[in-house]
4 protein chains.
Amino acid sequence: MTAPISAQAMAMADRVESFVREIVVPYEQDPRRDHHGAPTDDLVMELRGKARAAGVLTPHIRDDGSHLTQRETAEVLIRSGLSPLGPLACNTMAPDEGNMYLIGHVGSPALKDRFLTPLVEGRGRSAFFMTEPADWGGAGSDPSMMKTTCRRDGDHWVIDGRKTFITGAKGAMVGIVMAASVDEASKGGACMFLVDLPDPAIVIDEVPNTIDTSMPGGHSTVTIRELRVPAAHMLGEPGEGFKYAQVRLSPARLSHCMRWLGSCMRAHEIAVDYACRREAFGKTLIDHEGVGFMLAENRILIQQCRLMIDWCAGVLDGGSLGTVESSMAKVSVSEALMKIADNCVQVMGGIGVTDRTIVEQVFREIRAFRIYDGPTEVHKWSLAKKIKREWKQAREAARAEQAA
Amino acid sequence: MTAPISAQAMAMADRVESFVREIVVPYEQDPRRDHHGAPTDDLVMELRGKARAAGVLTPHIRDDGSHLTQRETAEVLIRSGLSPLGPLACNTMAPDEGNMYLIGHVGSPALKDRFLTPLVEGRGRSAFFMTEPADWGGAGSDPSMMKTTCRRDGDHWVIDGRKTFITGAKGAMVGIVMAASVDEASKGGACMFLVDLPDPAIVIDEVPNTIDTSMPGGHSTVTIRELRVPAAHMLGEPGEGFKYAQVRLSPARLSHCMRWLGSCMRAHEIAVDYACRREAFGKTLIDHEGVGFMLAENRILIQQCRLMIDWCAGVLDGGSLGTVESSMAKVSVSEALMKIADNCVQVMGGIGVTDRTIVEQVFREIRAFRIYDGPTEVHKWSLAKKIKREWKQAREAARAEQAA
Amino acid sequence: MTAPISAQAMAMADRVESFVREIVVPYEQDPRRDHHGAPTDDLVMELRGKARAAGVLTPHIRDDGSHLTQRETAEVLIRSGLSPLGPLACNTMAPDEGNMYLIGHVGSPALKDRFLTPLVEGRGRSAFFMTEPADWGGAGSDPSMMKTTCRRDGDHWVIDGRKTFITGAKGAMVGIVMAASVDEASKGGACMFLVDLPDPAIVIDEVPNTIDTSMPGGHSTVTIRELRVPAAHMLGEPGEGFKYAQVRLSPARLSHCMRWLGSCMRAHEIAVDYACRREAFGKTLIDHEGVGFMLAENRILIQQCRLMIDWCAGVLDGGSLGTVESSMAKVSVSEALMKIADNCVQVMGGIGVTDRTIVEQVFREIRAFRIYDGPTEVHKWSLAKKIKREWKQAREAARAEQAA
Amino acid sequence: MTAPISAQAMAMADRVESFVREIVVPYEQDPRRDHHGAPTDDLVMELRGKARAAGVLTPHIRDDGSHLTQRETAEVLIRSGLSPLGPLACNTMAPDEGNMYLIGHVGSPALKDRFLTPLVEGRGRSAFFMTEPADWGGAGSDPSMMKTTCRRDGDHWVIDGRKTFITGAKGAMVGIVMAASVDEASKGGACMFLVDLPDPAIVIDEVPNTIDTSMPGGHSTVTIRELRVPAAHMLGEPGEGFKYAQVRLSPARLSHCMRWLGSCMRAHEIAVDYACRREAFGKTLIDHEGVGFMLAENRILIQQCRLMIDWCAGVLDGGSLGTVESSMAKVSVSEALMKIADNCVQVMGGIGVTDRTIVEQVFREIRAFRIYDGPTEVHKWSLAKKIKREWKQAREAARAEQAA
C-alpha cells in the first residue's frame with residue numbers, strides 16, 4: 001500500500017490549478033516568444049513572479065527542501081500542466097524539475113546551497129547535458145556510447161565533447177554535464193558536473209526549430225572545449241554518473257507524462273466547450289456521434305493516463321527505480337495523449353489548426369513527446385528484452401524446483 | 001481511500017490461481033462439448049466437484065454469505081479467468097455471478113434460501129431474462145422498450161413475451177425474468193421474478209451458434225407463454241425492476257472485464273512461451289522486433305486493463321452505482337483485450353489459429369465481448385451525453401455564481 | 001498499359017455472380033458440415049453439379065485450357081467469393097486454383113491429361129504439400145529449410161518427411177508434393193511430384209480445428225513414409241521446385257485476396273441491409289454516425305482493396321513474378337478486409353456474432369487469412385529488405401554516374 | 001477505359017521532377033518566410049522565374065490553354081509536390097490550380113484574357129472566397145448557409161459579408177468571390193465574381209498562425225463592405241454559383257491529394273535514407289524491424305494513395321463530377337498520408353521533429369490537410385447518406401421488378 005496523499009499536497013495542487021486557470025491562461029496569447037516560438041525568459045520571469053506571490057512556485061518541493069511523494073507530485077504537476085505556460089510559471093518544467101530532483105538526491109549540502117537553492121527559488125533555468133550527436137558517433141538513445149570525456153587536472157576536471165538536444169541550454173544558469181572519465185582512477189566510468197552557465201567553453205552550435213515550442217531556449221547542439229570545472233563541483237562520486245542518471249530517469253520521465261496529461265485535459269475541455277456551442281448540419285456538434293464519440297474516447301483515455309501515472313508513481317514511492325514501469329507509462333501515456341490531442345484538433349476543425357487556442361500547440365508538443373525521453377520503439381525494445389529475461393528466469397526456477 | 005484488500009481474499013485468490021493452473025488447465029483439451037462448442041454440464045459439474053474439494057467454489061462469496069469487495073473480487077475473478085473453463089469450475093461465471101449478486105442484494109431471506117443457496121453451492125446454473133428481440137420491437141440495448149408483460153392473477157403473476165440472447169437459459173436451474181407490469185398498481189413499472197427452470201411455459205426457440213463458445217447453454221431466444229409465478233417469488237418490489245437491473249449492471253459488467261483479462265493474461269503467457277522457444281529467419285521469435293514489440297504492447301495493455309478494473313471496482317466499493325465508470329472500463333478493457341488477443345494469435349502464426357492452445361478461443365470470446373453487455377458504440381454514445389450534461393451543469397453553475 | 005478485360009471474361013464474371021447469388025447463397029444454411037465446420041465433399045459435389053449446369057465451373061480457365069489474364073481472373077474470382085461456398089461451387093477455391101495454375105504452366109501434356117483435366121472438370125480436390133512443421137525443424141515461412149527428401153530409385157522417386165497446414169489434404173484426389181533431392185544429380189534442389197491421393201504412404205496425423213471453416217478437409221499435418229512416385233510424375237525438372245513454387249506464389253496469393261474481397265463485399269451488403277432496416281435509440285441504425293461511419297469506411301476500404309488487386313494483377317499480366325507487389329497487396333488487402341469484417345460484425349451487434357448470416361464466418365476466415373500465405377510481419381520484413389536493397393543500388397548508381 | 005497518358009504529359013512530369021529535385025529542393029532551407037512561416041512572395045516569384053526558364057511553369061495547362069486530363073495532371077502534380085516549395089514554384093499550388101481550372105471551364109474569353117492569363121503565366125496569386133465564419137452564422141462546411149450577399153446596382157454588383165480561411169487572400173492578385181444574390185432576378189442563387197486584388201472593400205481582419213506553413217498569405221478572415229464589381233466580371237451566369245463550385249470541387253480536392261502524396265513520397269525517401277545510414281543498438285536502423293516495418297508500411301500506403309488518386313482521376317476524366325469518389329479519395333489519401341508522415345518523423349527520431357529536413361513540415365501540413373477541404377468526418381457522413389440512398393434505390397428497383 002502506498003502512503004495516502006497528504007492534505008497539504010492536495011491543497012497545493014488546488015492552489016496550482018486556480019493559479020494556472022486564473023493567472024497563467026490569460027498569458028497564453030502573450031506575444032513574447034523567441035524566433036523559434038518558445039516563451040522568452042522575460043515572460044517566464046514575469047510569470048514566476050506571480051507564482052511566487054501566489055505561493056505556487058516550485059510546488060513539488062516543500063519549504064524544508066523535501067520533495068513531495070511521486071503520487072503527490074502527480075497531483076501538482078498535472079495541474080501545473082493545464083496550460084503549456086503553467087510549468088514555466090510554477091517551475092515544474094523539464095528539464096529543471098528533473099535536475100532539481102537529481103541535485104536534491106545526490107548533491108552535497110554545499111552543492112545544494114550553491115546550485116539547487118537558486119533553481120528552487122526559480123531565479124534561473126538549468127540544462128542536462130547527456131545526449132550526444134548520433135552523426136558524431138556519440139550516445140543517442142544508447143548512453144553507453146558516451147564520447148564526451150572528462151580528465152582530472154589538479155583541482156579541476158577538464159571536459160571535451162559534443163552534446164545535442166540539450167533542452168534549455170540557451171539561457172540556462174546551471175548545467176549538469178555528463179562525461180566519461182579518462183582519468184586512471186575512474187576510467188570509463190561516467191561523471192556528472194555542476195556548471196555555471198553560460199561558459200565560453202560551451203558553444204551553442206545551433207538551436208534547430210522544432211515542432212514543439214514550449215521550452216525556453218529550445219534544444220541546443222553544443223560543443224564543449226576544455227571546460228574546466230572545479231573538482232568540488234562534481235555531483236556525487238566519480239564513475240557513478242550512470243547510476244545518478246538512473247535516479248533521475250524515471251521521475252523525470254514520469255513528470256513529462258504528468259505535465260502533458262494536464263495540457264491534454266485542458267485541450268479536451270476546450271474541445272468539449274467548442275463542441276457544445278457550435279452547430280453544424282442541423283445540430284450541436286457534440287450531438288453528432290462522429291464528434292461525441294471522439295470526446296468520449298478522450299475521456300476514457302484521460303482516465304487511463306491518470307491511472308498509469310499514479311501506478312508508476314506508487315512504484316517509485318515504494319523505493320523502486322521503476323525503469324520498466326516508467327517505460328510502460330511513457331509509451332502508454334504518450335501514445336494516448338497523441339490520440340487525445342489529435343481528436344481535439346479534429347473536433348475543432350479549422351479553428352483546431354490555428355493558434356487561437358492552445359489545442360494546436362498541444363498537438364505539436366505531444367508529437368515531440370512521443371520521441372523525447374526515448375521513442376516508443378526503444379521502450380518496446382527494452383520491454384521485449386525484459387519479457388524474455390523473465391521467461392528465462394521462470395524456466396530456470398521451474399527447473400531448479402523440479403530438480404530439488 | 002478504498003479499503004485494503006484483506007489477506008483472506010488474497011489467499012483465496014492465490015488458491016484459485018493454483019487450482020486453475022493445476023487442475024482446470026488440463027481439462028482444456030477435454031472433448032466434452034455440446035454441438036455449439038460450449039462445455040457440457042457434465043463437464044462443468046465434474047470441474048465444480050474439484051473446485052469444491054479445493055475450497056475454491058464461489059470464492060467471491062464468503063461462508064457467511066457476504067460478498068467480497070469489488071476490488072477483492074477482481075483479485076479472485078481475474079485468476080479464475082486464467083482458463084476459459086476456470087469461471088465455470090469456480091462458479092464465478094456469467095451470468096451466474098451477477099445473478100447471485102443481485103439475489104444477494106435484493107432477495108428476501110426466504111428467496112435466498114430457496115434460490116440463492118443452491119446457486120452459491122454450484123449445484124446448477126441460472127439465467128437472466130432481460131434482452132428482447134429487436135425484430136419483435138422489444139428491448140435490445142434499450143431496456144425502456146420492454147414488451148414482455150406481467151399481470152397479477154390472484155396469488156400469481158402471469159408473464160408473456162419473448163426474450164433473446166439469454167445466456168445459459170438452456171440447462172439452467174433458476175431464472176430471473178424481467179417484465180413490464182400491466183397490473184393497475186404498478187402499471188408500466190418493471191418487475192423481476194425468480195423462476196424454477198425448466199418450465200414448459202418458457203420455450204427455447206433457438207440457440208444460434210455464436211463466435212464464442214465458453215458459455216454452457218449458449219445464448220437462447222425464448223418465447224414465454226402464460227408463465228405463472230407465485231407472487232412470493234417476485235424479487236423485491238413491483239415496479240422496481242429497472243432499479244434492480246441497475247444494481248446488477250456495473251458489477252456484472254466489471255466481472256466480465258475481470259474474467260476476460262485473466263484469459264488474455266494466460267493467452268499472453270502462451271504467446272510469450274511460444275515466442276521464446278521458436279526460431280525463424282535465424283533467431284528466436286521474440287528477438288524479432290516485429291514479435292517482441294507485440295508482446296511489449298500486450299504487457300502495457302494488461303497493466304492498463306488491470307488499472308481500469310481496480311479503479312472502477314474502487315468506485316463501486318465506495319457505494320456508487322458506477323454506471324459511467326463501468327461503461328468506461330468496459331470500452332477500454334474490451335478493446336484492449338481484443339488487441340492483446342489479436343497479438344497473441346499473430347505471434348503464434350499458424351498454431352495461433354488452431355485449437356491446440358486456448359489462444360484461438362480467447363480471440364473469439366473477446367470478439368463477442370466487444371458486443372455483449374453493450375457494444376462500444378452504445379457506451380460512447382452515453383458517455384458523450386454525459387459530457388454534454390456536465391458541460392451544461394458547469395455553465396449553469398458558473399452563471400449562478402456570477403449572478404450571486 | 002495492360003490489356004483490356006475481354007467481353008467474354010466480363011460475361012463470365014456476371015454469370016458467376018448470378019449463380020452465386022441465386023443458387024449458392026441458399027446453401028449457406030445447409031447443415032452438411034464436417035466435425036470441424038467445413039462443408040462436406042458431398043455438399044461440394046452437389047454445388048459443383050449446379051455450377052457445371054450453369055456453365056460457371058472453373059470459370060477462370062477457358063474451354064481451350066488457356067487461363068484468363070490475372071485482371072480477368074480478379075473479375076471472376078471476386079464474384080465467386082460473394083459466398084464462402086462460392087469458390088467451392090465454382091472450383092475457384094484454394095489450393096486448387098493455384099494447383100491448376102501451376103500444373104497448367106509447368107506440366108507436360110501427359111501430366112495435364114492425367115492430373116489437370118479431372119481437376120478442371122471439378123471431379124475432385126487437390127492439395128499442395130510444401131510447409132513443414134516448425135517443431136520438426138522443417139520449412140515454415142522459410143521454405144529454404146525443407147527437410148522432406150526425395151531420392152531416385154530406378155523408375156521411381158521415394159519421398160520421406162513431414163508436412164503441415166496442408167489445406168485440403170484430407171479427401172483430396174491429387175497432391176503436389178515438394179521435397180529436397182538427395183539424389184546426386186539434383187542434390188539439394190527441390191523437386192515437385194504429382195501424386196494420386198489417398199496413398200497409404202501419406203498418413204494424416206491430425207487435422208486441428210481452426211478458426212476458419214471454409215476449406216473442405218481442413219489443414220492437415222501428415223507424415224510421408226516411403227512414398228513411391230513414378231519418375232514420369234515429376235512436375236517439370238528436378239531441382240527446379242523452388243522456381244515452380246515462385247510461379248505459383250503470386251497468383252495464388254492474389255487469388256486469396258480476390259475471393260476474400262468478394263466475401264467481405266457480401267458481408268458489407270448484409271451489414272448495410274441490417275443497418276438500413278433496424279431502429280435503435282430512436283432512429284435507423286445507419287443514421288447513427290457511429291454506424292454510418294463504419295459503413296462509409298468499409299466502402300472506402302473495399303475500393304482500396306479492389307485497386308490493389310487490379311494493380312498487382314496488371315503487374316503479373318505484364319510478365320513479372322510480382323513477388324514484391326503480391327506481398328504488398330496481401331498485407332494491404334488482408335488488413336483492410338479484417339477491418340471491414342470487424343466493422344460488419346460490430347454494426348450487426350448480437351446478430352453479428354451468430355451464424356444467422358455469413359458475417360461471423362467471414363470475420364473468422366479473414367483472421368486466419370492474415371496469417372495464411374505469410375503473416376503480415378513476414379511480408380513487411382521482406383519489403384524492408386527490398387527497400388534497403390534499392391537504396392543501396394541507387395547509391396551505387398549515383399556513385400557510378402558521378403565517377404563516369 | 002480511360003485514355004492513356006500522353007507521352008508529352010509524361011515528359012513534362014519528368015521535367016517537373018528534375019526541376020523540383022535539382023532546383024527547388026536547395027531552396028528548402030531558404031530563410032525567406034513571413035512571420036507565420038510561409039514562403040514570401042519574393043521567394044515564390046524567384047522560384048517561378050526558374051520554373052519559367054525550365055519550361056515547367058503551370059505544367060498542367062498546355063500552351064493552347066487546354067488542361068491535361070486528370071490522370072495526366074496526377075503525374076505532373078505529384079512530382080511538383082516532391083518539395084513543399086514545388087507547387088509554388090511550378091504554379092500548381094492551391095488554391096490557384098483550382099481557380100485556374102474553374103475560370104478555364106466557366107469563364108468567357110474576355111474574362112480569361114483579363115484574369116486567367118496572368119495566373120497561368122504565374123505573375124500573381126489568387127484566392128477563392130467561399131467559406132464563412134461559423135461564429136457569424138455563415139457557411140462553414142455547409143455552403144448552403146451562405147450569408148454574404150450580392151445585389152445588382154446598375155452595371156455593378158455590390159457585395160457585403162464575411163469570409164474565413166481564405167487561403168492566399170493576403171497578397172493575391174485575383175479573387176473569386178461567392179455570394180448569395182438578393183437581386184430579384186436571381187434571388188437566393190449564388191453568384192461568382194472575379195475581383196482585382198487588393199481592394200479596399202475587402203479588409204483582412206486576421207491571418208491566424210496555423211499548423212501548416214506552406215501557403216503564401218496564410219488563411220485570412222476578411223470583411224467585405226460594399227465591394228463593387230462590374231457586372232461583366234461575374235463568372236458565368238447569376239444563380240449558378242453552386243454549380244460552378246461543384247465543377248471546381250472534385251478536381252481541386254484531388255489535386256491536394258496529388259501534391260501531398262508527392263511531399264510524403266519525398267519524406268519517405270528522406271526517412272529511408274536516414275534509416276539506411278544510421279546505426280543504433282548495434283545495427284543499421286532499417287535492420288531494426290521496428291523501423292523497417294514502418295518503412296514497409298509507408299511503401300504500401302504510398303501505393304494505395306497512388307491507386308486511389310488515379311482511380312478518382314479516371315472517374316473525372318470520364319466526365320463525372322466525381323463528388324463521391326473524390327470524397328473517398330480524400331479520406332483515404334489524407335489518413336494514409338498522416339500515417340506515412342508520422343512514420344517518417346518517428347523513424348528519424350530527434351531529427352524528425354526539427355526543421356533540418358522537410359519531414360517535420362510535411363507532418364504539420366498533412367495534419368491540416370485532414371481538416372481542409374472537408375474533415376474526414378464530413379466525408380464519411382455524406383458517404384453514409386449515399387449508402388443509405390443506394391440501398392433504398394435498390395429496394396425500390398427490386399420491388400418494381402417484382403411487381404412487373
# chains A, B, ... in the order shown; residues from 1 in each chain; ligands from 1
>>> closest_atom_pairs(of="chain D", to="chain A", cutoff="10 Å", atoms="only C-alpha atoms", output="CSV")
residue,atom,partner,partner_atom,distance
D:His35,CA,A:His35,CA,9.5
D:Ala134,CA,A:Arg278,CA,7.9
D:Asp135,CA,A:Arg278,CA,8.0
D:Gly137,CA,A:Glu279,CA,9.0
D:Ala139,CA,A:Ala280,CA,9.6
D:Gly140,CA,A:Ala280,CA,8.1
D:Ser141,CA,A:Ala280,CA,7.9
D:Asp142,CA,A:Phe281,CA,6.9
D:Met145,CA,A:Phe281,CA,9.9
D:Thr164,CA,A:Gly350,CA,9.6
D:Phe165,CA,A:Gly350,CA,7.7
D:Val207,CA,A:Thr354,CA,9.4
D:Pro208,CA,A:Thr354,CA,6.0
D:Asn209,CA,A:Thr354,CA,5.5
D:Thr210,CA,A:Thr354,CA,4.1
D:Ile211,CA,A:Val353,CA,5.4
D:Asp212,CA,A:Val353,CA,7.9
D:His219,CA,A:Thr354,CA,9.6
D:Arg277,CA,A:Asp135,CA,9.6
D:Arg278,CA,A:Ala134,CA,7.8
D:Glu279,CA,A:Ala134,CA,8.2
D:Ala280,CA,A:Asp142,CA,7.5
D:Phe281,CA,A:Asp142,CA,6.8
D:Gly282,CA,A:Asp142,CA,9.9
D:His288,CA,A:Glu377,CA,9.9
D:Glu289,CA,A:Glu377,CA,9.9
D:Gly290,CA,A:Glu377,CA,6.4
D:Val291,CA,A:Glu377,CA,8.3
D:Asp342,CA,A:Arg367,CA,8.8
D:Val345,CA,A:Ile371,CA,8.9
D:Gln346,CA,A:Ile371,CA,7.0
D:Val347,CA,A:Pro375,CA,9.3
D:Met348,CA,A:Ile371,CA,9.3
D:Gly349,CA,A:Ile371,CA,5.9
D:Gly350,CA,A:Ile371,CA,6.5
D:Ile351,CA,A:Thr210,CA,8.9
D:Gly352,CA,A:Thr210,CA,8.7
D:Val353,CA,A:Thr210,CA,5.4
D:Thr354,CA,A:Thr210,CA,4.1
D:Asp355,CA,A:Asn209,CA,5.6
D:Arg356,CA,A:Pro208,CA,7.2
D:Glu360,CA,A:Ile211,CA,6.8
D:Gln361,CA,A:Ile211,CA,8.3
D:Phe363,CA,A:Ile211,CA,9.5
D:Arg364,CA,A:Arg364,CA,8.2
D:Glu365,CA,A:Val353,CA,10.0
D:Arg367,CA,A:Val353,CA,8.2
D:Ala368,CA,A:Val353,CA,6.3
D:Phe369,CA,A:Val353,CA,9.9
D:Arg370,CA,A:Gln346,CA,8.1
D:Ile371,CA,A:Gly349,CA,5.9
D:Tyr372,CA,A:Gly350,CA,7.2
D:Gly374,CA,A:Gly349,CA,8.9
D:Pro375,CA,A:Gly349,CA,7.1
D:Thr376,CA,A:Gln346,CA,8.8
D:Glu377,CA,A:Gly290,CA,6.4
D:Val378,CA,A:Gly290,CA,8.9
D:Lys380,CA,A:Gly290,CA,9.2
D:Trp381,CA,A:Gly290,CA,8.5
>>> select_by_dssp(residues="range 134-383 of chain C", states="helix (DSSP H, G or I)", output="count of residues only")
130
>>> select_by_dssp(residues="range 120-326 of chain B", states="strand (DSSP E or B)", output="PyMOL selection string")
chain B and resi 126-129+149-153+156-167+174-181+190-196+202-206+210+219-230+234-235+240+279-280+283-284
>>> closest_residue(among="C:Lys112, C:Arg228, C:Arg48, C:Lys170", to="His156 in chain C", atoms="only C-alpha atoms")
C:Arg228
>>> residues_around(residues="range 297-309 of chain A", least_positions_apart="4", cutoff="8 Å", atoms="only C-alpha atoms", output="ChimeraX atom specification")
/A:74,254,257-258,261,265,268,293,313,329,332-333,336-337,339-340,343 /B:304,307-308,311,328-329,332,380
